file protein_29.csv (CSV, N, CA and C atoms)
chain,number,residue,atom,x,y,z
A,1,MET,N,-2.2,-79.2,-212.2
A,1,MET,CA,-2.1,-80.2,-211.1
A,1,MET,C,-3.4,-80.3,-210.3
A,2,GLN,N,-4.0,-79.2,-210.1
A,2,GLN,CA,-5.3,-79.2,-209.3
A,2,GLN,C,-6.4,-80.0,-210.1
A,3,HIS,N,-6.3,-79.8,-211.4
A,3,HIS,CA,-7.3,-80.5,-212.3
A,3,HIS,C,-7.1,-82.0,-212.2
A,4,ILE,N,-5.9,-82.5,-212.2
A,4,ILE,CA,-5.6,-83.9,-212.1
A,4,ILE,C,-6.1,-84.4,-210.7
A,5,ALA,N,-5.8,-83.7,-209.6
A,5,ALA,CA,-6.3,-84.1,-208.3
A,5,ALA,C,-7.8,-84.1,-208.2
A,6,LEU,N,-8.4,-83.2,-208.8
A,6,LEU,CA,-9.9,-83.2,-208.9
A,6,LEU,C,-10.5,-84.4,-209.6
A,7,CYS,N,-9.8,-84.7,-210.7
A,7,CYS,CA,-10.3,-85.9,-211.5
A,7,CYS,C,-10.1,-87.2,-210.7
A,8,ILE,N,-9.0,-87.3,-210.0
A,8,ILE,CA,-8.7,-88.5,-209.2
A,8,ILE,C,-9.7,-88.6,-208.0
A,9,LEU,N,-10.0,-87.4,-207.4
A,9,LEU,CA,-11.0,-87.4,-206.3
A,9,LEU,C,-12.3,-87.8,-206.8
A,10,THR,N,-12.7,-87.2,-207.9
A,10,THR,CA,-14.0,-87.6,-208.5
A,10,THR,C,-14.1,-89.0,-208.8
A,11,ALA,N,-13.1,-89.6,-209.4
A,11,ALA,CA,-13.1,-91.0,-209.7
A,11,ALA,C,-13.2,-91.9,-208.5
A,12,LEU,N,-12.6,-91.5,-207.4
A,12,LEU,CA,-12.6,-92.3,-206.2
A,12,LEU,C,-14.0,-92.2,-205.5
A,13,THR,N,-14.7,-91.1,-205.6
A,13,THR,CA,-16.0,-90.9,-204.9
A,13,THR,C,-17.1,-91.4,-205.8
A,14,PHE,N,-16.9,-91.6,-207.1
A,14,PHE,CA,-18.0,-92.0,-207.9
A,14,PHE,C,-18.3,-93.5,-207.7
A,15,GLN,N,-19.6,-93.8,-207.4
A,15,GLN,CA,-20.0,-95.2,-207.1
A,15,GLN,C,-20.8,-95.7,-208.2
A,16,VAL,N,-20.5,-96.8,-208.7
A,16,VAL,CA,-21.3,-97.5,-209.8
A,16,VAL,C,-22.3,-98.4,-209.1
A,17,SER,N,-23.5,-98.2,-209.4
A,17,SER,CA,-24.6,-99.0,-208.8
A,17,SER,C,-24.6,-100.3,-209.5
A,18,ALA,N,-24.6,-101.4,-208.7
A,18,ALA,CA,-24.6,-102.7,-209.3
A,18,ALA,C,-26.0,-103.1,-209.8
A,19,GLU,N,-26.1,-103.9,-210.8
A,19,GLU,CA,-27.4,-104.5,-211.1
A,19,GLU,C,-27.6,-105.6,-210.2
A,20,ILE,N,-28.8,-105.6,-209.6
A,20,ILE,CA,-29.2,-106.7,-208.7
A,20,ILE,C,-30.1,-107.7,-209.5
A,21,VAL,N,-29.8,-109.0,-209.4
A,21,VAL,CA,-30.5,-110.0,-210.1
A,21,VAL,C,-31.2,-110.9,-209.1
A,22,VAL,N,-32.4,-111.3,-209.4
A,22,VAL,CA,-33.2,-112.2,-208.6
A,22,VAL,C,-33.0,-113.6,-209.3
A,23,VAL,N,-32.6,-114.6,-208.5
A,23,VAL,CA,-32.3,-115.9,-209.1
A,23,VAL,C,-33.0,-117.1,-208.4
A,24,VAL,N,-33.1,-118.1,-209.1
A,24,VAL,CA,-33.7,-119.4,-208.6
A,24,VAL,C,-32.9,-120.6,-209.2
A,25,ASN,N,-33.2,-121.7,-208.7
A,25,ASN,CA,-32.6,-123.0,-209.2
A,25,ASN,C,-33.1,-123.2,-210.7
A,26,PRO,N,-32.2,-123.7,-211.6
A,26,PRO,CA,-32.6,-123.9,-213.0
A,26,PRO,C,-33.8,-124.8,-213.1
A,27,ASP,N,-34.0,-125.7,-212.2
A,27,ASP,CA,-35.2,-126.7,-212.2
A,27,ASP,C,-36.5,-126.0,-211.8
A,28,ASN,N,-36.4,-124.8,-211.3
A,28,ASN,CA,-37.6,-124.1,-210.9
A,28,ASN,C,-38.4,-123.7,-212.2
A,29,PRO,N,-39.7,-123.9,-212.3
A,29,PRO,CA,-40.4,-123.6,-213.6
A,29,PRO,C,-40.6,-122.1,-213.8
A,30,THR,N,-40.3,-121.3,-212.8
A,30,THR,CA,-40.5,-119.8,-212.9
A,30,THR,C,-39.4,-119.3,-213.8
A,31,ASP,N,-39.9,-118.5,-214.8
A,31,ASP,CA,-38.9,-117.9,-215.8
A,31,ASP,C,-38.8,-116.4,-215.6
A,32,HIS,N,-39.8,-115.8,-215.0
A,32,HIS,CA,-39.8,-114.3,-214.8
A,32,HIS,C,-40.6,-114.0,-213.6
A,33,LEU,N,-40.1,-113.0,-212.8
A,33,LEU,CA,-40.9,-112.4,-211.7
A,33,LEU,C,-40.9,-110.9,-211.9
A,34,SER,N,-42.1,-110.3,-211.8
A,34,SER,CA,-42.2,-108.8,-211.9
A,34,SER,C,-41.6,-108.2,-210.6
A,35,LYS,N,-41.4,-106.9,-210.7
A,35,LYS,CA,-40.9,-106.2,-209.5
A,35,LYS,C,-42.0,-106.4,-208.4
A,36,ARG,N,-43.2,-106.3,-208.7
A,36,ARG,CA,-44.3,-106.4,-207.8
A,36,ARG,C,-44.3,-107.8,-207.1
A,37,GLN,N,-44.1,-108.9,-207.9
A,37,GLN,CA,-44.0,-110.2,-207.4
A,37,GLN,C,-42.9,-110.4,-206.4
A,38,ILE,N,-41.7,-109.8,-206.8
A,38,ILE,CA,-40.5,-109.8,-206.0
A,38,ILE,C,-40.8,-109.2,-204.6
A,39,ILE,N,-41.4,-108.0,-204.7
A,39,ILE,CA,-41.7,-107.2,-203.5
A,39,ILE,C,-42.7,-108.1,-202.6
A,40,ASP,N,-43.7,-108.6,-203.2
A,40,ASP,CA,-44.7,-109.4,-202.4
A,40,ASP,C,-44.0,-110.6,-201.8
A,41,LEU,N,-43.1,-111.3,-202.5
A,41,LEU,CA,-42.4,-112.4,-201.9
A,41,LEU,C,-41.5,-112.0,-200.7
A,42,TYR,N,-40.8,-110.9,-200.9
A,42,TYR,CA,-39.8,-110.5,-199.9
A,42,TYR,C,-40.4,-109.8,-198.7
A,43,MET,N,-41.6,-109.3,-198.9
A,43,MET,CA,-42.3,-108.6,-197.8
A,43,MET,C,-43.3,-109.5,-197.1
A,44,GLY,N,-43.4,-110.7,-197.5
A,44,GLY,CA,-44.3,-111.7,-196.9
A,44,GLY,C,-45.7,-111.6,-197.3
A,45,ARG,N,-46.0,-110.8,-198.3
A,45,ARG,CA,-47.4,-110.7,-198.7
A,45,ARG,C,-47.9,-111.9,-199.6
A,46,ASN,N,-46.9,-112.6,-200.2
A,46,ASN,CA,-47.1,-113.8,-200.9
A,46,ASN,C,-45.9,-114.7,-200.7
A,47,LEU,N,-46.2,-116.0,-200.4
A,47,LEU,CA,-45.1,-116.9,-200.1
A,47,LEU,C,-44.9,-117.9,-201.2
A,48,TYR,N,-45.6,-117.8,-202.3
A,48,TYR,CA,-45.6,-118.8,-203.3
A,48,TYR,C,-45.2,-118.3,-204.7
A,49,PHE,N,-44.5,-119.2,-205.4
A,49,PHE,CA,-44.2,-118.9,-206.8
A,49,PHE,C,-45.5,-118.9,-207.6
A,50,PRO,N,-45.4,-118.4,-208.8
A,50,PRO,CA,-46.7,-118.4,-209.6
A,50,PRO,C,-47.3,-119.8,-209.9
A,51,ASN,N,-46.5,-120.8,-209.8
A,51,ASN,CA,-47.0,-122.2,-210.0
A,51,ASN,C,-47.6,-122.8,-208.7
A,52,GLY,N,-47.6,-122.0,-207.6
A,52,GLY,CA,-48.2,-122.4,-206.4
A,52,GLY,C,-47.3,-123.1,-205.4
A,53,GLU,N,-46.0,-123.3,-205.8
A,53,GLU,CA,-45.1,-123.9,-204.9
A,53,GLU,C,-44.5,-122.9,-203.9
A,54,LEU,N,-44.3,-123.3,-202.6
A,54,LEU,CA,-43.8,-122.5,-201.6
A,54,LEU,C,-42.4,-122.0,-201.9
A,55,ALA,N,-42.1,-120.7,-201.8
A,55,ALA,CA,-40.8,-120.2,-202.1
A,55,ALA,C,-39.9,-120.2,-200.8
A,56,LEU,N,-38.7,-120.6,-200.9
A,56,LEU,CA,-37.8,-120.5,-199.8
A,56,LEU,C,-37.0,-119.2,-200.1
A,57,ARG,N,-37.4,-118.1,-199.5
A,57,ARG,CA,-36.8,-116.8,-199.7
A,57,ARG,C,-35.5,-116.7,-198.9
A,58,LEU,N,-34.5,-116.2,-199.6
A,58,LEU,CA,-33.2,-116.1,-199.0
A,58,LEU,C,-32.8,-114.6,-199.1
A,59,ASP,N,-32.2,-114.1,-198.0
A,59,ASP,CA,-31.8,-112.7,-197.8
A,59,ASP,C,-30.3,-112.7,-197.5
A,60,LEU,N,-29.6,-111.7,-197.9
A,60,LEU,CA,-28.2,-111.6,-197.6
A,60,LEU,C,-28.1,-111.0,-196.2
A,61,ALA,N,-26.9,-111.0,-195.7
A,61,ALA,CA,-26.6,-110.6,-194.3
A,61,ALA,C,-27.1,-109.1,-194.1
A,62,PRO,N,-27.5,-108.7,-192.9
A,62,PRO,CA,-27.9,-107.4,-192.7
A,62,PRO,C,-26.9,-106.3,-193.0
A,63,ASP,N,-25.6,-106.6,-193.0
A,63,ASP,CA,-24.6,-105.6,-193.3
A,63,ASP,C,-24.2,-105.5,-194.7
A,64,SER,N,-24.9,-106.3,-195.6
A,64,SER,CA,-24.5,-106.4,-197.0
A,64,SER,C,-25.0,-105.2,-197.7
A,65,GLU,N,-24.1,-104.6,-198.5
A,65,GLU,CA,-24.5,-103.5,-199.4
A,65,GLU,C,-25.5,-103.8,-200.4
A,66,ILE,N,-25.5,-105.1,-200.9
A,66,ILE,CA,-26.4,-105.5,-201.9
A,66,ILE,C,-27.8,-105.6,-201.3
A,67,ARG,N,-27.9,-106.1,-200.0
A,67,ARG,CA,-29.2,-106.1,-199.3
A,67,ARG,C,-29.7,-104.7,-199.2
A,68,ALA,N,-28.9,-103.8,-198.8
A,68,ALA,CA,-29.4,-102.4,-198.6
A,68,ALA,C,-29.9,-101.8,-200.0
A,69,GLU,N,-29.2,-102.1,-201.0
A,69,GLU,CA,-29.6,-101.7,-202.4
A,69,GLU,C,-30.9,-102.4,-202.8
A,70,PHE,N,-31.0,-103.7,-202.5
A,70,PHE,CA,-32.2,-104.4,-202.9
A,70,PHE,C,-33.4,-103.8,-202.3
A,71,TYR,N,-33.4,-103.6,-200.9
A,71,TYR,CA,-34.6,-103.1,-200.3
A,71,TYR,C,-34.9,-101.6,-200.6
A,72,GLN,N,-33.8,-100.8,-200.9
A,72,GLN,CA,-34.0,-99.4,-201.3
A,72,GLN,C,-34.7,-99.4,-202.6
A,73,ASN,N,-34.2,-100.3,-203.5
A,73,ASN,CA,-34.8,-100.3,-204.9
A,73,ASN,C,-36.2,-100.9,-204.9
A,74,THR,N,-36.5,-101.9,-204.1
A,74,THR,CA,-37.8,-102.5,-204.2
A,74,THR,C,-38.9,-101.8,-203.4
A,75,VAL,N,-38.6,-101.5,-202.1
A,75,VAL,CA,-39.6,-100.9,-201.2
A,75,VAL,C,-39.3,-99.6,-200.7
A,76,LYS,N,-38.1,-99.0,-201.1
A,76,LYS,CA,-37.7,-97.7,-200.7
A,76,LYS,C,-37.6,-97.6,-199.2
A,77,LYS,N,-37.0,-98.7,-198.6
A,77,LYS,CA,-36.8,-98.7,-197.1
A,77,LYS,C,-35.3,-99.1,-196.9
A,78,SER,N,-34.8,-98.7,-195.7
A,78,SER,CA,-33.5,-99.1,-195.3
A,78,SER,C,-33.6,-100.4,-194.7
A,79,VAL,N,-32.5,-101.1,-194.5
A,79,VAL,CA,-32.4,-102.4,-193.8
A,79,VAL,C,-33.0,-102.3,-192.4
A,80,ALA,N,-32.8,-101.2,-191.7
A,80,ALA,CA,-33.3,-101.1,-190.4
A,80,ALA,C,-34.9,-101.0,-190.4
A,81,GLN,N,-35.4,-100.3,-191.4
A,81,GLN,CA,-36.9,-100.2,-191.6
A,81,GLN,C,-37.5,-101.6,-191.9
A,82,VAL,N,-36.8,-102.3,-192.8
A,82,VAL,CA,-37.2,-103.6,-193.1
A,82,VAL,C,-37.2,-104.6,-191.9
A,83,ASN,N,-36.1,-104.5,-191.1
A,83,ASN,CA,-36.0,-105.3,-189.9
A,83,ASN,C,-37.2,-104.9,-188.9
A,84,ALA,N,-37.5,-103.7,-188.8
A,84,ALA,CA,-38.6,-103.3,-187.9
A,84,ALA,C,-39.9,-103.8,-188.4
A,85,TYR,N,-40.1,-103.8,-189.8
A,85,TYR,CA,-41.3,-104.3,-190.4
A,85,TYR,C,-41.5,-105.8,-190.0
A,86,TRP,N,-40.3,-106.6,-190.2
A,86,TRP,CA,-40.4,-108.0,-189.9
A,86,TRP,C,-40.6,-108.3,-188.4
A,87,ALA,N,-40.0,-107.4,-187.5
A,87,ALA,CA,-40.2,-107.6,-186.1
A,87,ALA,C,-41.7,-107.5,-185.8
A,88,LYS,N,-42.4,-106.6,-186.4
A,88,LYS,CA,-43.8,-106.4,-186.2
A,88,LYS,C,-44.6,-107.6,-186.7
A,89,LEU,N,-44.3,-108.1,-187.9
A,89,LEU,CA,-45.0,-109.2,-188.4
A,89,LEU,C,-44.7,-110.5,-187.6
A,90,LEU,N,-43.5,-110.7,-187.1
A,90,LEU,CA,-43.1,-111.8,-186.3
A,90,LEU,C,-43.9,-111.8,-185.0
A,91,PHE,N,-44.1,-110.6,-184.4
A,91,PHE,CA,-44.8,-110.5,-183.2
A,91,PHE,C,-46.3,-110.9,-183.4
A,92,SER,N,-46.8,-110.6,-184.5
A,92,SER,CA,-48.2,-110.9,-184.8
A,92,SER,C,-48.4,-112.4,-185.2
A,93,GLY,N,-47.3,-113.0,-185.5
A,93,GLY,CA,-47.3,-114.4,-185.9
A,93,GLY,C,-47.9,-114.7,-187.3
A,94,ARG,N,-47.9,-113.7,-188.1
A,94,ARG,CA,-48.5,-113.9,-189.4
A,94,ARG,C,-47.6,-114.6,-190.4
A,95,THR,N,-46.3,-114.3,-190.4
A,95,THR,CA,-45.4,-114.9,-191.3
A,95,THR,C,-44.0,-114.8,-190.8
A,96,THR,N,-43.0,-115.4,-191.5
A,96,THR,CA,-41.6,-115.3,-191.1
A,96,THR,C,-40.8,-114.6,-192.2
A,97,PRO,N,-39.7,-114.0,-191.8
A,97,PRO,CA,-38.9,-113.3,-192.8
A,97,PRO,C,-38.1,-114.3,-193.6
A,98,PRO,N,-37.5,-113.8,-194.7
A,98,PRO,CA,-36.6,-114.6,-195.5
A,98,PRO,C,-35.4,-115.2,-194.6
A,99,MET,N,-34.9,-116.3,-195.0
A,99,MET,CA,-33.8,-116.9,-194.3
A,99,MET,C,-32.5,-116.1,-194.7
A,100,ILE,N,-31.7,-115.8,-193.7
A,100,ILE,CA,-30.5,-115.0,-193.9
A,100,ILE,C,-29.3,-115.9,-194.2
A,101,MET,N,-28.6,-115.5,-195.3
A,101,MET,CA,-27.4,-116.2,-195.8
A,101,MET,C,-26.2,-115.3,-195.4
A,102,LYS,N,-25.1,-115.8,-195.0
A,102,LYS,CA,-24.0,-115.0,-194.6
A,102,LYS,C,-23.3,-114.2,-195.8
A,103,ASN,N,-23.4,-114.8,-197.0
A,103,ASN,CA,-22.8,-114.1,-198.2
A,103,ASN,C,-23.4,-114.7,-199.4
A,104,SER,N,-23.0,-114.1,-200.6
A,104,SER,CA,-23.6,-114.5,-201.8
A,104,SER,C,-23.2,-116.0,-202.2
A,105,LYS,N,-22.0,-116.4,-201.8
A,105,LYS,CA,-21.6,-117.8,-202.0
A,105,LYS,C,-22.6,-118.8,-201.4
A,106,GLN,N,-22.9,-118.5,-200.1
A,106,GLN,CA,-23.9,-119.4,-199.4
A,106,GLN,C,-25.3,-119.4,-200.0
A,107,LEU,N,-25.7,-118.2,-200.5
A,107,LEU,CA,-27.0,-118.0,-201.1
A,107,LEU,C,-27.0,-118.8,-202.4
A,108,ILE,N,-25.9,-118.7,-203.2
A,108,ILE,CA,-25.9,-119.5,-204.5
A,108,ILE,C,-25.9,-121.0,-204.2
A,109,GLU,N,-25.1,-121.5,-203.3
A,109,GLU,CA,-25.1,-122.9,-203.0
A,109,GLU,C,-26.5,-123.4,-202.5
A,110,THR,N,-27.1,-122.6,-201.7
A,110,THR,CA,-28.5,-123.0,-201.2
A,110,THR,C,-29.5,-123.1,-202.4
A,111,ILE,N,-29.4,-122.1,-203.3
A,111,ILE,CA,-30.2,-122.1,-204.5
A,111,ILE,C,-29.9,-123.3,-205.4
A,112,LYS,N,-28.7,-123.6,-205.6
A,112,LYS,CA,-28.3,-124.8,-206.4
A,112,LYS,C,-28.8,-126.1,-205.8
A,113,ASN,N,-29.0,-126.1,-204.5
A,113,ASN,CA,-29.4,-127.4,-203.8
A,113,ASN,C,-30.9,-127.4,-203.5
A,114,ASN,N,-31.6,-126.4,-203.8
A,114,ASN,CA,-33.0,-126.3,-203.5
A,114,ASN,C,-33.9,-125.8,-204.6
A,115,ARG,N,-34.7,-126.6,-205.2
A,115,ARG,CA,-35.5,-126.2,-206.4
A,115,ARG,C,-36.4,-125.0,-206.1
A,116,ASN,N,-36.8,-124.8,-204.9
A,116,ASN,CA,-37.7,-123.7,-204.5
A,116,ASN,C,-37.1,-122.5,-203.9
A,117,ALA,N,-35.8,-122.4,-203.9
A,117,ALA,CA,-35.1,-121.3,-203.2
A,117,ALA,C,-35.1,-120.1,-204.2
A,118,LEU,N,-35.1,-118.9,-203.6
A,118,LEU,CA,-35.2,-117.7,-204.3
A,118,LEU,C,-34.2,-116.7,-203.6
A,119,GLY,N,-33.4,-116.0,-204.4
A,119,GLY,CA,-32.5,-115.1,-203.8
A,119,GLY,C,-32.2,-113.9,-204.7
A,120,TYR,N,-31.4,-113.0,-204.2
A,120,TYR,CA,-30.9,-111.9,-205.0
A,120,TYR,C,-29.4,-111.7,-204.8
A,121,LEU,N,-28.8,-111.1,-205.8
A,121,LEU,CA,-27.3,-110.9,-205.7
A,121,LEU,C,-26.9,-109.9,-206.7
A,122,ASP,N,-25.6,-109.5,-206.6
A,122,ASP,CA,-25.0,-108.6,-207.5
A,122,ASP,C,-24.8,-109.4,-208.8
A,123,SER,N,-25.1,-108.8,-210.0
A,123,SER,CA,-25.0,-109.6,-211.2
A,123,SER,C,-23.6,-110.0,-211.5
A,124,ASN,N,-22.6,-109.4,-210.9
A,124,ASN,CA,-21.2,-109.8,-211.0
A,124,ASN,C,-20.9,-111.1,-210.3
A,125,ASP,N,-21.8,-111.5,-209.4
A,125,ASP,CA,-21.6,-112.8,-208.7
A,125,ASP,C,-22.3,-114.0,-209.4
A,126,LEU,N,-22.9,-113.7,-210.5
A,126,LEU,CA,-23.6,-114.8,-211.2
A,126,LEU,C,-22.7,-115.9,-211.6
A,127,GLU,N,-23.2,-117.1,-211.5
A,127,GLU,CA,-22.4,-118.3,-212.0
A,127,GLU,C,-23.3,-119.4,-212.5
A,128,GLU,N,-22.8,-120.4,-213.1
A,128,GLU,CA,-23.6,-121.5,-213.6
A,128,GLU,C,-24.3,-122.2,-212.5
A,129,GLY,N,-25.5,-122.7,-212.8
A,129,GLY,CA,-26.2,-123.5,-211.8
A,129,GLY,C,-27.3,-122.7,-211.1
A,130,ILE,N,-27.5,-121.4,-211.6
A,130,ILE,CA,-28.6,-120.6,-211.1
A,130,ILE,C,-29.3,-119.9,-212.3
A,131,LYS,N,-30.5,-119.5,-212.2
A,131,LYS,CA,-31.3,-118.9,-213.3
A,131,LYS,C,-31.8,-117.5,-212.8
A,132,VAL,N,-31.6,-116.5,-213.7
A,132,VAL,CA,-32.1,-115.2,-213.4
A,132,VAL,C,-33.6,-115.1,-213.8
A,133,VAL,N,-34.4,-114.6,-212.8
A,133,VAL,CA,-35.8,-114.5,-213.1
A,133,VAL,C,-36.3,-113.0,-212.9
A,134,GLY,N,-35.4,-112.1,-212.5
A,134,GLY,CA,-35.7,-110.7,-212.4
A,134,GLY,C,-34.5,-109.9,-212.3
A,135,ARG,N,-34.6,-108.6,-212.7
A,135,ARG,CA,-33.5,-107.7,-212.7
A,135,ARG,C,-33.9,-106.4,-212.1
A,136,LEU,N,-33.1,-105.8,-211.2
A,136,LEU,CA,-33.4,-104.5,-210.6
A,136,LEU,C,-32.2,-103.6,-210.8
A,137,ASP,N,-32.5,-102.5,-211.5
A,137,ASP,CA,-31.4,-101.6,-211.8
A,137,ASP,C,-31.1,-100.6,-210.6
call {"tool": "encode", "arguments": {"input": "protein_29.csv", "output": "structure tokens"}}
result
Amino acid sequence: MQHIALCILTALTFQVSAEIVVVVNPDNPTDHLSKRQIIDLYMGRNLYFPNGELALRLDLAPDSEIRAEFYQNTVKKSVAQVNAYWAKLLFSGRTTPPMIMKNSKQLIETIKNNRNALGYLDSNDLEEGIKVVGRLD
């Protein structure tokens, strides 16, 4: 009986990490972004796609688990640390942070309606009308 309880408890506490995908509009000519390019876009070091067009960077809500995983995977920072980074950059007037979307549905709709929009989401939320240009395990 204890063995069964231990198995159930282990199953409940085991978390499967989602694959995060970086997506764009299908009409965007970008087919692939490296992890470095994704970092540079999301940290404001580069604001342009490889073809020179301005990227409309989209971020998920601050309380999103996917957002936390995205920043931990890319820059090894918590959402609070990323927010502090952006507060400092905003104060200097150098650049602006990505536009915040309330959820993945809003992010997907914005990408579908904007050729230069760029976002990230859980691979389980993929749907037609968006193109994957990067993957983060």
call {"tool": "select_by_dssp", "arguments": {"input": "protein_29.csv", "residues": "chain A", "states": "strand (DSSP E or B)", "output": "PyMOL selection string"}}
result
chain A and resi 20-24+48+54+56-60+99-101+117-122+131-136
call {"tool": "residues_around", "arguments": {"input": "protein_29.csv", "residues": "range 47-55 of chain A", "least_positions_apart": "4", "cutoff": "8 Å", "atoms": "all atoms listed in the file", "output": "PDB file with N, CA and C atoms, in the frame of the given file"}}
result
ATOM      1  N   PRO A  29     -39.700-123.900-212.300  1.00  0.00           N
ATOM      2  CA  PRO A  29     -40.400-123.600-213.600  1.00  0.00           C
ATOM      3  C   PRO A  29     -40.600-122.100-213.800  1.00  0.00           C
ATOM      4  N   THR A  30     -40.300-121.300-212.800  1.00  0.00           N
ATOM      5  CA  THR A  30     -40.500-119.800-212.900  1.00  0.00           C
ATOM      6  C   THR A  30     -39.400-119.300-213.800  1.00  0.00           C
ATOM      7  N   ASP A  40     -43.700-108.600-203.200  1.00  0.00           N
ATOM      8  CA  ASP A  40     -44.700-109.400-202.400  1.00  0.00           C
ATOM      9  C   ASP A  40     -44.000-110.600-201.800  1.00  0.00           C
ATOM     10  N   LEU A  41     -43.100-111.300-202.500  1.00  0.00           N
ATOM     11  CA  LEU A  41     -42.400-112.400-201.900  1.00  0.00           C
ATOM     12  C   LEU A  41     -41.500-112.000-200.700  1.00  0.00           C
ATOM     13  N   TYR A  42     -40.800-110.900-200.900  1.00  0.00           N
ATOM     14  CA  TYR A  42     -39.800-110.500-199.900  1.00  0.00           C
ATOM     15  C   TYR A  42     -40.400-109.800-198.700  1.00  0.00           C
ATOM     16  N   MET A  43     -41.600-109.300-198.900  1.00  0.00           N
ATOM     17  CA  MET A  43     -42.300-108.600-197.800  1.00  0.00           C
ATOM     18  C   MET A  43     -43.300-109.500-197.100  1.00  0.00           C
ATOM     19  N   ARG A 115     -34.700-126.600-205.200  1.00  0.00           N
ATOM     20  CA  ARG A 115     -35.500-126.200-206.400  1.00  0.00           C
ATOM     21  C   ARG A 115     -36.400-125.000-206.100  1.00  0.00           C
ATOM     22  N   ASN A 116     -36.800-124.800-204.900  1.00  0.00           N
ATOM     23  CA  ASN A 116     -37.700-123.700-204.500  1.00  0.00           C
ATOM     24  C   ASN A 116     -37.100-122.500-203.900  1.00  0.00           C
ATOM     25  N   ALA A 117     -35.800-122.400-203.900  1.00  0.00           N
ATOM     26  CA  ALA A 117     -35.100-121.300-203.200  1.00  0.00           C
ATOM     27  C   ALA A 117     -35.100-120.100-204.200  1.00  0.00           C
ATOM     28  N   LEU A 118     -35.100-118.900-203.600  1.00  0.00           N
ATOM     29  CA  LEU A 118     -35.200-117.700-204.300  1.00  0.00           C
ATOM     30  C   LEU A 118     -34.200-116.700-203.600  1.00  0.00           C
TER      31      LEU A 118
END
call {"tool": "atom_distance", "arguments": {"input": "protein_29.csv", "atom1": "CA of Gly44 in chain A", "atom2": "atom N of Arg94 in chain A"}}
result
9.7 Å
call {"tool": "atom_distance", "arguments": {"input": "protein_29.csv", "atom1": "CA of Ile39 in chain A", "atom2": "atom N of Ala87 in chain A"}}
result
16.1 Å
call {"tool": "atom_distance", "arguments": {"input": "protein_29.csv", "atom1": "CA of Ile20 in chain A", "atom2": "CA of Glu69 in chain A"}}
result
8.1 Å
call {"tool": "decode", "arguments": {"input": "protein_29.csv", "residues": "range 49-53 of chain A", "atoms": "all heavy atoms", "output": "short mmCIF file (atom, residue, chain, number, x, y, z; two decimals), in the first residue's frame"}}
result
data_model
loop_
_atom_site.label_atom_id
_atom_site.label_comp_id
_atom_site.auth_asym_id
_atom_site.auth_seq_id
_atom_site.Cartn_x
_atom_site.Cartn_y
_atom_site.Cartn_z
N PHE A 49 14.44 41.69 -37.50
CA PHE A 49 14.59 40.36 -38.06
C PHE A 49 15.84 40.35 -38.96
O PHE A 49 16.32 41.42 -39.37
CB PHE A 49 13.36 39.99 -38.90
CG PHE A 49 12.16 39.64 -38.08
CD1 PHE A 49 11.06 40.50 -38.02
CD2 PHE A 49 12.09 38.44 -37.38
CE1 PHE A 49 9.94 40.17 -37.27
CE2 PHE A 49 10.98 38.11 -36.63
CZ PHE A 49 9.91 38.97 -36.57
N PRO A 50 16.35 39.17 -39.30
CA PRO A 50 17.52 39.11 -40.17
C PRO A 50 17.37 39.85 -41.50
O PRO A 50 18.36 40.34 -42.05
CB PRO A 50 17.70 37.60 -40.41
CG PRO A 50 17.12 36.96 -39.19
CD PRO A 50 15.95 37.85 -38.81
N ASN A 51 16.13 40.01 -42.00
CA ASN A 51 15.93 40.73 -43.27
C ASN A 51 15.90 42.24 -43.09
O ASN A 51 15.68 42.98 -44.04
CB ASN A 51 14.65 40.23 -43.96
CG ASN A 51 13.39 40.64 -43.21
OD1 ASN A 51 13.43 41.16 -42.09
ND2 ASN A 51 12.25 40.41 -43.84
N GLY A 52 16.06 42.72 -41.85
CA GLY A 52 16.10 44.15 -41.59
C GLY A 52 14.78 44.77 -41.19
O GLY A 52 14.72 45.96 -40.87
N GLU A 53 13.70 44.00 -41.19
CA GLU A 53 12.40 44.54 -40.80
C GLU A 53 12.27 44.56 -39.28
O GLU A 53 12.72 43.65 -38.59
CB GLU A 53 11.27 43.71 -41.41
CG GLU A 53 11.19 43.84 -42.92
CD GLU A 53 10.02 43.08 -43.52
OE1 GLU A 53 9.06 42.77 -42.81
OE2 GLU A 53 10.10 42.79 -44.73
#
